Amino acid sequence: MAIIVSKRLRKTDIEKRMTIPSKSLNCFPALSGNEHMVDFDVRDECGRVWKFRIYTRKSNNKYRKPVLTKGWREFVCRKELSIDDKVAFYMDKQQADGSVEYRVTVQKAVKVFGAVFAHKPFPGEVSNALLPFRPLLIKLIIPHKQSSPELLYSGPI
């Protein structure tokens, strides 16, 4: 699977549409003729298929400014995405017929005192990305006077 786009979400990406780098446009389904939009399916980490639309400016200038419109806001709401979360789109070429399957993954931002500390996979994905930070997180959550933090907290972070 080849990564097409990996992006930390901003306010506009959450509230309206997701901007896509122009250089990545050629990895998504091709716009035919004078068309300035194309619909395509994307499978998420839980196996659900989402229908998105890539939209570009109607003019033929070199700055097409591609964005994800249709289906994007529903995806944001269902996944409860917020500013600083990350999304990544992947392209997987199928061997038999040459068709392409698109995938999307989500990583939720882990914030400590308002600052992004790390990113964790969306529920359903398995990752040990935060294990190295566990002692630090326990110190932030548990007061120093406590002799055994495991009494107040047990389980993965």
# chains A, B, ... in the order shown; residues from 1 in each chain; ligands from 1
$ residues_around --residues "Gln94 of chain A" --least-positions-apart "6" --cutoff "10 Å" --atoms "only C-alpha atoms" --output "number ranges by chain"
A: 1, 100-101
$ write_last_selection --atoms "all heavy atoms" --output "short mmCIF file (atom, residue, chain, number, x, y, z; two decimals), in the first residue's frame"
data_model
loop_
_atom_site.label_atom_id
_atom_site.label_comp_id
_atom_site.auth_asym_id
_atom_site.auth_seq_id
_atom_site.Cartn_x
_atom_site.Cartn_y
_atom_site.Cartn_z
N MET A 1 0.84 -1.18 0.00
CA MET A 1 0.00 0.00 0.00
C MET A 1 0.89 1.24 0.00
O MET A 1 1.76 1.37 0.83
CB MET A 1 -0.88 0.01 1.25
CG MET A 1 -2.30 -0.17 0.93
SD MET A 1 -3.49 0.00 2.28
CE MET A 1 -2.75 -0.68 3.70
N VAL A 100 -7.85 -0.20 -8.43
CA VAL A 100 -7.21 0.45 -7.29
C VAL A 100 -8.22 0.54 -6.15
O VAL A 100 -9.39 0.85 -6.36
CB VAL A 100 -6.73 1.87 -7.68
CG1 VAL A 100 -6.21 2.61 -6.48
CG2 VAL A 100 -5.69 1.79 -8.77
N GLU A 101 -7.74 0.24 -4.94
CA GLU A 101 -8.57 0.41 -3.75
C GLU A 101 -7.93 1.50 -2.90
O GLU A 101 -6.71 1.52 -2.73
CB GLU A 101 -8.66 -0.89 -2.96
CG GLU A 101 -9.54 -0.74 -1.73
CD GLU A 101 -9.73 -2.05 -1.00
OE1 GLU A 101 -8.75 -2.54 -0.42
OE2 GLU A 101 -10.86 -2.56 -1.01
#
$ residues_around --residues "segment 22-32 of chain A" --least-positions-apart "4" --cutoff "10 Å" --atoms "only C-alpha atoms" --output "ChimeraX atom specification"
/A:2-5,36-41,53-56,62-67,89-91,100,102
$ closest_residue --among "A:Val104, A:Leu81, A:Val42, A:Val87" --to "Thr19 of chain A" --atoms "only C-alpha atoms"
A:Val87
$ atom_distance --atom1 "atom CA of Ile83 of chain A" --atom2 "atom CA of Asp44 of chain A"
19.3 Å
$ residues_around --residues "Arg10 of chain A" --least-positions-apart "3" --cutoff "8 Å" --atoms "only C-alpha atoms" --output "number ranges by chain"
A: 13-14, 83-84
$ write_last_selection --atoms "all heavy atoms" --output "PDB file, in the first residue's frame"
ATOM      1  N   ASP A  13     -10.408  21.980   7.575  1.00  0.00           N
ATOM      2  CA  ASP A  13     -10.574  20.550   7.274  1.00  0.00           C
ATOM      3  C   ASP A  13     -11.695  19.942   8.103  1.00  0.00           C
ATOM      4  O   ASP A  13     -12.397  19.049   7.648  1.00  0.00           O
ATOM      5  CB  ASP A  13      -9.281  19.785   7.565  1.00  0.00           C
ATOM      6  CG  ASP A  13      -8.109  20.264   6.711  1.00  0.00           C
ATOM      7  OD1 ASP A  13      -8.318  20.542   5.525  1.00  0.00           O
ATOM      8  OD2 ASP A  13      -6.992  20.344   7.252  1.00  0.00           O
ATOM      9  N   ILE A  14     -11.864  20.417   9.326  1.00  0.00           N
ATOM     10  CA  ILE A  14     -12.887  19.886  10.224  1.00  0.00           C
ATOM     11  C   ILE A  14     -14.261  20.469   9.908  1.00  0.00           C
ATOM     12  O   ILE A  14     -15.261  19.758   9.864  1.00  0.00           O
ATOM     13  CB  ILE A  14     -12.520  20.185  11.703  1.00  0.00           C
ATOM     14  CG1 ILE A  14     -11.215  19.501  12.079  1.00  0.00           C
ATOM     15  CG2 ILE A  14     -13.646  19.797  12.649  1.00  0.00           C
ATOM     16  CD1 ILE A  14     -11.237  17.998  12.013  1.00  0.00           C
ATOM     17  N   ILE A  83      -9.346  19.261  15.454  1.00  0.00           N
ATOM     18  CA  ILE A  83      -8.110  19.899  15.019  1.00  0.00           C
ATOM     19  C   ILE A  83      -6.926  19.134  15.610  1.00  0.00           C
ATOM     20  O   ILE A  83      -6.958  18.726  16.763  1.00  0.00           O
ATOM     21  CB  ILE A  83      -8.095  21.378  15.436  1.00  0.00           C
ATOM     22  CG1 ILE A  83      -9.213  22.138  14.709  1.00  0.00           C
ATOM     23  CG2 ILE A  83      -6.744  22.028  15.162  1.00  0.00           C
ATOM     24  CD1 ILE A  83      -9.438  23.547  15.200  1.00  0.00           C
ATOM     25  N   ASP A  84      -5.902  18.938  14.811  1.00  0.00           N
ATOM     26  CA  ASP A  84      -4.651  18.239  15.144  1.00  0.00           C
ATOM     27  C   ASP A  84      -4.733  16.722  15.030  1.00  0.00           C
ATOM     28  O   ASP A  84      -3.708  16.052  15.140  1.00  0.00           O
ATOM     29  CB  ASP A  84      -4.112  18.619  16.532  1.00  0.00           C
ATOM     30  CG  ASP A  84      -3.616  20.044  16.577  1.00  0.00           C
ATOM     31  OD1 ASP A  84      -3.057  20.505  15.560  1.00  0.00           O
ATOM     32  OD2 ASP A  84      -3.786  20.699  17.620  1.00  0.00           O
TER      33      ASP A  84
END
$ atom_distance --atom1 "atom CA of Cys77 of chain A" --atom2 "atom CA of Arg17 of chain A"
12.2 Å
$ closest_residue --among "A:Glu45, A:Glu80, A:Glu74, A:Asp85" --to "Arg103 of chain A" --atoms "only C-alpha atoms"
A:Glu45
$ residues_around --residues "Ala109 of chain A" --least-positions-apart "4" --cutoff "9 Å" --atoms "only C-alpha atoms" --output "JSON, numbers by chain"
{"A": [82, 83, 84, 85, 86, 116, 117, 118, 119, 120, 121]}
$ write_last_selection --atoms "N, CA, C and O atoms" --output "PDB file, in the first residue's frame"
ATOM      1  N   SER A  82     -11.113  16.094  15.269  1.00  0.00           N
ATOM      2  CA  SER A  82     -10.923  17.466  15.730  1.00  0.00           C
ATOM      3  C   SER A  82      -9.584  17.986  15.222  1.00  0.00           C
ATOM      4  O   SER A  82      -8.790  17.237  14.637  1.00  0.00           O
ATOM      5  N   ILE A  83      -9.346  19.261  15.454  1.00  0.00           N
ATOM      6  CA  ILE A  83      -8.110  19.899  15.019  1.00  0.00           C
ATOM      7  C   ILE A  83      -6.926  19.134  15.610  1.00  0.00           C
ATOM      8  O   ILE A  83      -6.958  18.726  16.763  1.00  0.00           O
ATOM      9  N   ASP A  84      -5.902  18.938  14.811  1.00  0.00           N
ATOM     10  CA  ASP A  84      -4.651  18.239  15.144  1.00  0.00           C
ATOM     11  C   ASP A  84      -4.733  16.722  15.030  1.00  0.00           C
ATOM     12  O   ASP A  84      -3.708  16.052  15.140  1.00  0.00           O
ATOM     13  N   ASP A  85      -5.912  16.141  14.797  1.00  0.00           N
ATOM     14  CA  ASP A  85      -5.969  14.719  14.485  1.00  0.00           C
ATOM     15  C   ASP A  85      -5.305  14.532  13.121  1.00  0.00           C
ATOM     16  O   ASP A  85      -5.171  15.482  12.344  1.00  0.00           O
ATOM     17  N   LYS A  86      -4.890  13.308  12.826  1.00  0.00           N
ATOM     18  CA  LYS A  86      -4.251  13.028  11.543  1.00  0.00           C
ATOM     19  C   LYS A  86      -5.076  12.043  10.736  1.00  0.00           C
ATOM     20  O   LYS A  86      -5.684  11.127  11.289  1.00  0.00           O
ATOM     21  N   VAL A 116      -0.252  19.087  21.682  1.00  0.00           N
ATOM     22  CA  VAL A 116      -0.289  17.748  21.112  1.00  0.00           C
ATOM     23  C   VAL A 116       0.937  16.987  21.600  1.00  0.00           C
ATOM     24  O   VAL A 116       2.074  17.400  21.385  1.00  0.00           O
ATOM     25  N   PHE A 117       0.687  15.885  22.283  1.00  0.00           N
ATOM     26  CA  PHE A 117       1.731  15.070  22.879  1.00  0.00           C
ATOM     27  C   PHE A 117       2.116  13.914  21.954  1.00  0.00           C
ATOM     28  O   PHE A 117       3.277  13.566  21.827  1.00  0.00           O
ATOM     29  N   ALA A 118       1.136  13.322  21.328  1.00  0.00           N
ATOM     30  CA  ALA A 118       1.341  12.183  20.422  1.00  0.00           C
ATOM     31  C   ALA A 118       0.050  11.966  19.651  1.00  0.00           C
ATOM     32  O   ALA A 118      -0.915  12.715  19.824  1.00  0.00           O
ATOM     33  N   HIS A 119       0.025  10.958  18.798  1.00  0.00           N
ATOM     34  CA  HIS A 119      -1.183  10.553  18.084  1.00  0.00           C
ATOM     35  C   HIS A 119      -1.400   9.072  18.337  1.00  0.00           C
ATOM     36  O   HIS A 119      -0.459   8.295  18.350  1.00  0.00           O
ATOM     37  N   LYS A 120      -2.658   8.708  18.570  1.00  0.00           N
ATOM     38  CA  LYS A 120      -2.987   7.302  18.778  1.00  0.00           C
ATOM     39  C   LYS A 120      -3.945   6.859  17.686  1.00  0.00           C
ATOM     40  O   LYS A 120      -4.733   7.649  17.173  1.00  0.00           O
ATOM     41  N   PRO A 121      -3.881   5.585  17.310  1.00  0.00           N
ATOM     42  CA  PRO A 121      -4.763   5.079  16.266  1.00  0.00           C
ATOM     43  C   PRO A 121      -6.223   5.198  16.681  1.00  0.00           C
ATOM     44  O   PRO A 121      -6.553   5.198  17.863  1.00  0.00           O
TER      45      PRO A 121
END
$ select_by_dssp --residues "segment 60-120 of chain A" --states "strand (DSSP E or B)" --output "number ranges by chain"
A: 67-68, 86-93, 100-112, 115-120
